[in-house]
Amino acid sequence: MWRILDKVNSCLNRCANRKISSYINITEEVKYALKNNLPTVALESTIITHGMPFPDNLHCAQEVEGIVRAKGGIPATIAILRGRIKVGLTPSELEELADTNKTNAIKTSRRDFGYVIANKLNGGTTVAGTLIVAKQAGIKVFATGGLGGVHREAEKTFDISADLIELGKSPVAVISSGVKSILDIPKTLEYLETQGVFVATVGSNKDFPAFYCRSSGCKAPYNVTNAAQAANIIKCHFESGLKSEFEMNEAEMNKIIEHAMLSAKSLGISGKEITPYLLTQISVLTEGSSLKTNIAFIKNNARVATEIALELSRLKD
Ligand code: PSU
Ligand code: MN
């Protein structure tokens, strides 16, 4: 009985995979990198379309790709352009996506793919959306800034990012600065455990990072000292059919967040709009310094991700 169910299941998976792959365009460079086991690093695009203002978003995305290349990796920025899922963007596609007034991109998480593709729209993929595509393309390492998580007062709003569910489903290691303290960090950690996500800090800080704040007051479940150790764990984790999440850290700002949350509440902002709104407000309230911190972290995560991707490509059988 189990065998039959297993067969049905794997057939369903194959059919589903075949279908999603027919909507994906992978650049020749990324195809070559994947075929030859070169260190490939997926990059998300909601950060470009909804995470930062133009032109900082474009400069940041270009710099991050440059960092991956400088360390010997191949960047694969994932996004949707006119209904086609792109793995790797050309320089002009990146410029097009970043020009947010013109592109009108939709923030694309799992639930949004069908709508964006069917209507031939542009989409900035969230961590969840990028994980779905990276998994399909066979990319093992993914760098970003902050993850979505369990929102404060989630017990009332039920607002829990689909990122956390996707992290538990995808054999892709995500290198991030944890979750921003606009979210409820202890609840996010609990939820990651429920979803079976391996979480570790890389380096000397053993606290789960709160992005702006070095210390969230919550210990990360695990700590690894360097990229080689991370790669070893990732390999064993994936080979046993599991998934994982690594992150980095830093700074301080609770009052500002509370202020931004109150103004979101008074304006009735919720759902997919809440994270972009809070990020913009925080950037305004910190006179742009949160944006600078954000960019610095993303770049650092890209460095660490490329080091891990390099170690991982050395480990391959
Ligand atoms: N956190 C940030 N910056 C971001 C995001 C989160 O500090 O840009 C984006 C990421 O793309 C993440 C998404 O995947 O927001 C989560 O949105 P939601 O909570 O609506 O799932
Ligand atoms: Mn949400």
# chains A, B, ... in the order shown; residues from 1 in each chain; ligands from 1
>>> closest_atom_pairs(of="chain A", to="ligand 2", cutoff="6 Å", atoms="only C-alpha atoms and all ligand atoms", output="Markdown table")
| residue | atom | partner | partner_atom_place_in_ligand_line | distance |
| --- | --- | --- | --- | --- |
| A:Asp159 | CA | ligand 2 | 1 (Mn) | 4.8 |
| A:Ile160 | CA | ligand 2 | 1 (Mn) | 5.4 |
| A:Ser161 | CA | ligand 2 | 1 (Mn) | 4.7 |
| A:Gly271 | CA | ligand 2 | 1 (Mn) | 4.8 |
| A:Lys272 | CA | ligand 2 | 1 (Mn) | 5.2 |
>>> select_by_dssp(residues="segment 36-205 of chain A", states="alpha helix (DSSP H)", output="ChimeraX atom specification")
/A:46-49,56-70,91-98,100-103,113-118,127-137,154-157,162-167,185-194
>>> residues_around(residues="segment 58-75 of chain A", least_positions_apart="5", cutoff="6 Å", atoms="only C-alpha atoms", output="number ranges by chain")
A: 39-41, 98, 299, 306
>>> residues_near_ligand(ligand="ligand 1", cutoff="7 Å", atoms="only C-alpha atoms and all ligand atoms", output="number ranges by chain")
A: 44-47, 50-51, 109, 125-128, 145-149, 160-163, 179-180, 271-276, 279
>>> closest_residue(among="A:Asn104, A:Gln195, A:Asn37, A:Thr225", to="Leu310 of chain A", atoms="only C-alpha atoms")
A:Asn37
>>> residues_around(residues="Asn223 of chain A", least_positions_apart="2", cutoff="8 Å", atoms="only C-alpha atoms", output="PDB file with N, CA and C atoms, in the first residue's frame")
ATOM      1  N   ALA A 200      21.155  27.956  12.421  1.00  0.00           N
ATOM      2  CA  ALA A 200      22.440  28.153  13.106  1.00  0.00           C
ATOM      3  C   ALA A 200      22.989  29.528  12.789  1.00  0.00           C
ATOM      4  N   THR A 201      23.738  30.098  13.746  1.00  0.00           N
ATOM      5  CA  THR A 201      24.496  31.312  13.448  1.00  0.00           C
ATOM      6  C   THR A 201      25.854  30.874  12.922  1.00  0.00           C
ATOM      7  N   VAL A 202      26.442  31.721  12.077  1.00  0.00           N
ATOM      8  CA  VAL A 202      27.787  31.437  11.573  1.00  0.00           C
ATOM      9  C   VAL A 202      28.715  32.453  12.223  1.00  0.00           C
ATOM     10  N   GLY A 203      29.774  31.988  12.887  1.00  0.00           N
ATOM     11  CA  GLY A 203      30.730  32.915  13.492  1.00  0.00           C
ATOM     12  C   GLY A 203      30.524  33.046  14.985  1.00  0.00           C
ATOM     13  N   LYS A 206      26.324  34.026  19.034  1.00  0.00           N
ATOM     14  CA  LYS A 206      25.496  32.826  19.179  1.00  0.00           C
ATOM     15  C   LYS A 206      24.023  33.154  19.381  1.00  0.00           C
ATOM     16  N   ALA A 220      20.395  31.176  19.345  1.00  0.00           N
ATOM     17  CA  ALA A 220      20.122  30.367  18.156  1.00  0.00           C
ATOM     18  C   ALA A 220      20.282  28.906  18.567  1.00  0.00           C
ATOM     19  N   PRO A 221      19.507  28.012  17.988  1.00  0.00           N
ATOM     20  CA  PRO A 221      19.621  26.604  18.395  1.00  0.00           C
ATOM     21  C   PRO A 221      21.029  26.050  18.176  1.00  0.00           C
ATOM     22  N   THR A 225      31.284  27.508  13.285  1.00  0.00           N
ATOM     23  CA  THR A 225      32.367  28.492  13.312  1.00  0.00           C
ATOM     24  C   THR A 225      32.692  29.073  11.938  1.00  0.00           C
TER      25      THR A 225
END
>>> closest_residue(among="A:Ser290, A:Ser216, A:Ser181, A:Thr77", to="Asn254 of chain A", atoms="only C-alpha atoms")
A:Ser181
>>> select_by_dssp(residues="segment 113-247 of chain A", states="strand (DSSP E or B)", output="PyMOL selection string")
chain A and resi 123-125+141-143+147+150-151+160+173-176+178-179+183+197-202+207+210+213+219+222-224+243-247
>>> write_last_selection(atoms="N, CA and C atoms", output="mmCIF file, in the first residue's frame")
data_model
loop_
_atom_site.group_PDB
_atom_site.id
_atom_site.type_symbol
_atom_site.label_atom_id
_atom_site.label_comp_id
_atom_site.auth_asym_id
_atom_site.auth_seq_id
_atom_site.Cartn_x
_atom_site.Cartn_y
_atom_site.Cartn_z
ATOM 1 N N GLY A 123 7.078 40.223 -11.251
ATOM 2 C CA GLY A 123 6.997 39.842 -9.840
ATOM 3 C C GLY A 123 8.353 39.886 -9.166
ATOM 4 N N GLY A 124 8.356 40.422 -7.949
ATOM 5 C CA GLY A 124 9.545 40.329 -7.105
ATOM 6 C C GLY A 124 9.307 39.141 -6.194
ATOM 7 N N THR A 125 10.156 38.120 -6.268
ATOM 8 C CA THR A 125 9.895 36.920 -5.473
ATOM 9 C C THR A 125 10.396 37.099 -4.036
ATOM 10 N N VAL A 141 22.182 27.195 -2.464
ATOM 11 C CA VAL A 141 22.503 28.267 -1.508
ATOM 12 C C VAL A 141 21.824 29.562 -1.956
ATOM 13 N N PHE A 142 21.315 30.302 -0.986
ATOM 14 C CA PHE A 142 20.497 31.473 -1.268
ATOM 15 C C PHE A 142 20.838 32.553 -0.234
ATOM 16 N N ALA A 143 21.199 33.755 -0.704
ATOM 17 C CA ALA A 143 21.520 34.848 0.225
ATOM 18 C C ALA A 143 20.441 35.907 0.181
ATOM 19 N N LEU A 147 14.457 37.660 6.742
ATOM 20 C CA LEU A 147 13.392 36.710 6.392
ATOM 21 C C LEU A 147 12.054 37.240 6.888
ATOM 22 N N VAL A 150 7.076 35.302 12.110
ATOM 23 C CA VAL A 150 5.807 35.421 12.820
ATOM 24 C C VAL A 150 5.696 36.868 13.283
ATOM 25 N N HIS A 151 4.639 37.558 12.881
ATOM 26 C CA HIS A 151 4.483 38.965 13.265
ATOM 27 C C HIS A 151 4.131 39.098 14.733
ATOM 28 N N ILE A 160 1.629 35.067 9.711
ATOM 29 C CA ILE A 160 2.875 34.282 9.747
ATOM 30 C C ILE A 160 3.352 34.152 8.314
ATOM 31 N N ALA A 173 19.894 26.126 1.389
ATOM 32 C CA ALA A 173 20.362 26.798 2.607
ATOM 33 C C ALA A 173 20.239 28.299 2.420
ATOM 34 N N VAL A 174 19.592 28.976 3.371
ATOM 35 C CA VAL A 174 19.376 30.424 3.264
ATOM 36 C C VAL A 174 20.304 31.148 4.239
ATOM 37 N N ILE A 175 21.097 32.083 3.723
ATOM 38 C CA ILE A 175 21.996 32.873 4.560
ATOM 39 C C ILE A 175 21.378 34.260 4.705
ATOM 40 N N SER A 176 20.968 34.616 5.936
ATOM 41 C CA SER A 176 20.260 35.874 6.154
ATOM 42 C C SER A 176 20.731 36.528 7.436
ATOM 43 N N GLY A 178 18.756 36.942 9.931
ATOM 44 C CA GLY A 178 17.668 36.597 10.833
ATOM 45 C C GLY A 178 16.395 37.286 10.414
ATOM 46 N N VAL A 179 15.551 37.617 11.397
ATOM 47 C CA VAL A 179 14.342 38.355 11.068
ATOM 48 C C VAL A 179 14.406 39.697 11.758
ATOM 49 N N LEU A 183 9.276 41.794 13.885
ATOM 50 C CA LEU A 183 8.567 40.523 14.060
ATOM 51 C C LEU A 183 8.741 40.007 15.493
ATOM 52 N N VAL A 197 13.117 23.269 10.533
ATOM 53 C CA VAL A 197 14.190 24.016 9.869
ATOM 54 C C VAL A 197 15.416 24.062 10.774
ATOM 55 N N PHE A 198 16.569 23.623 10.256
ATOM 56 C CA PHE A 198 17.818 23.717 10.998
ATOM 57 C C PHE A 198 18.269 25.169 10.992
ATOM 58 N N VAL A 199 18.465 25.763 12.165
ATOM 59 C CA VAL A 199 18.857 27.174 12.271
ATOM 60 C C VAL A 199 20.184 27.268 13.016
ATOM 61 N N ALA A 200 21.155 27.956 12.421
ATOM 62 C CA ALA A 200 22.440 28.153 13.106
ATOM 63 C C ALA A 200 22.989 29.528 12.789
ATOM 64 N N THR A 201 23.738 30.098 13.746
ATOM 65 C CA THR A 201 24.496 31.312 13.448
ATOM 66 C C THR A 201 25.854 30.874 12.922
ATOM 67 N N VAL A 202 26.442 31.721 12.077
ATOM 68 C CA VAL A 202 27.787 31.437 11.573
ATOM 69 C C VAL A 202 28.715 32.453 12.223
ATOM 70 N N ASP A 207 23.715 34.469 19.448
ATOM 71 C CA ASP A 207 22.326 34.879 19.591
ATOM 72 C C ASP A 207 21.656 34.864 18.230
ATOM 73 N N ALA A 210 18.659 39.777 15.390
ATOM 74 C CA ALA A 210 17.404 40.505 15.225
ATOM 75 C C ALA A 210 17.596 41.582 14.177
ATOM 76 N N CYS A 213 19.392 44.642 15.677
ATOM 77 C CA CYS A 213 19.913 44.490 17.030
ATOM 78 C C CYS A 213 20.809 43.277 17.108
ATOM 79 N N LYS A 219 18.781 32.660 22.126
ATOM 80 C CA LYS A 219 19.905 31.878 21.613
ATOM 81 C C LYS A 219 19.490 31.183 20.324
ATOM 82 N N TYR A 222 21.713 26.489 17.123
ATOM 83 C CA TYR A 222 23.057 25.985 16.828
ATOM 84 C C TYR A 222 23.973 27.128 16.416
ATOM 85 N N ASN A 223 25.290 26.844 16.495
ATOM 86 C CA ASN A 223 26.293 27.801 16.023
ATOM 87 C C ASN A 223 27.361 27.005 15.289
ATOM 88 N N VAL A 224 27.796 27.524 14.136
ATOM 89 C CA VAL A 224 28.931 26.906 13.451
ATOM 90 C C VAL A 224 30.020 27.962 13.296
ATOM 91 N N LYS A 243 16.040 20.088 5.389
ATOM 92 C CA LYS A 243 16.231 21.471 4.901
ATOM 93 C C LYS A 243 16.894 22.322 5.985
ATOM 94 N N SER A 244 17.486 23.489 5.604
ATOM 95 C CA SER A 244 18.173 24.284 6.647
ATOM 96 C C SER A 244 18.215 25.787 6.417
ATOM 97 N N GLU A 245 18.615 26.502 7.474
ATOM 98 C CA GLU A 245 18.618 27.969 7.472
ATOM 99 C C GLU A 245 19.796 28.449 8.316
ATOM 100 N N PHE A 246 20.629 29.286 7.745
ATOM 101 C CA PHE A 246 21.775 29.856 8.473
ATOM 102 C C PHE A 246 21.627 31.357 8.503
ATOM 103 N N GLU A 247 22.196 31.989 9.519
ATOM 104 C CA GLU A 247 22.145 33.447 9.435
ATOM 105 C C GLU A 247 23.262 34.206 10.100
#
>>> closest_residue(among="A:Asp99, A:Glu311, A:Glu28, A:Glu93", to="Ile48 of chain A", atoms="only C-alpha atoms")
A:Asp99
>>> closest_residue(among="A:Asn57, A:Thr280, A:Asn205, A:Asn119", to="Gly217 of chain A", atoms="only C-alpha atoms")
A:Asn205
>>> closest_residue(among="A:Thr130, A:Thr157, A:Ser289, A:Asn122", to="Ile106 of chain A", atoms="only C-alpha atoms")
A:Asn122
>>> residues_around(residues="segment 133-136 of chain A", least_positions_apart="4", cutoff="7 Å", atoms="only C-alpha atoms", output="ChimeraX atom specification")
/A:42,129,170-172
>>> closest_residue(among="A:Lys292, A:Leu131, A:Arg303, A:Gly114", to="Lys19 of chain A", atoms="only C-alpha atoms")
A:Gly114
>>> atom_distance(atom1="atom CA of Ile26 of chain A", atom2="atom CA of Ile85 of chain A")
8.4 Å
>>> atom_distance(atom1="atom CA of Leu312 of chain A", atom2="atom CA of Lys86 of chain A")
23.9 Å
>>> atom_distance(atom1="atom CA of Pro209 of chain A", atom2="atom CA of Ser240 of chain A")
27.0 Å
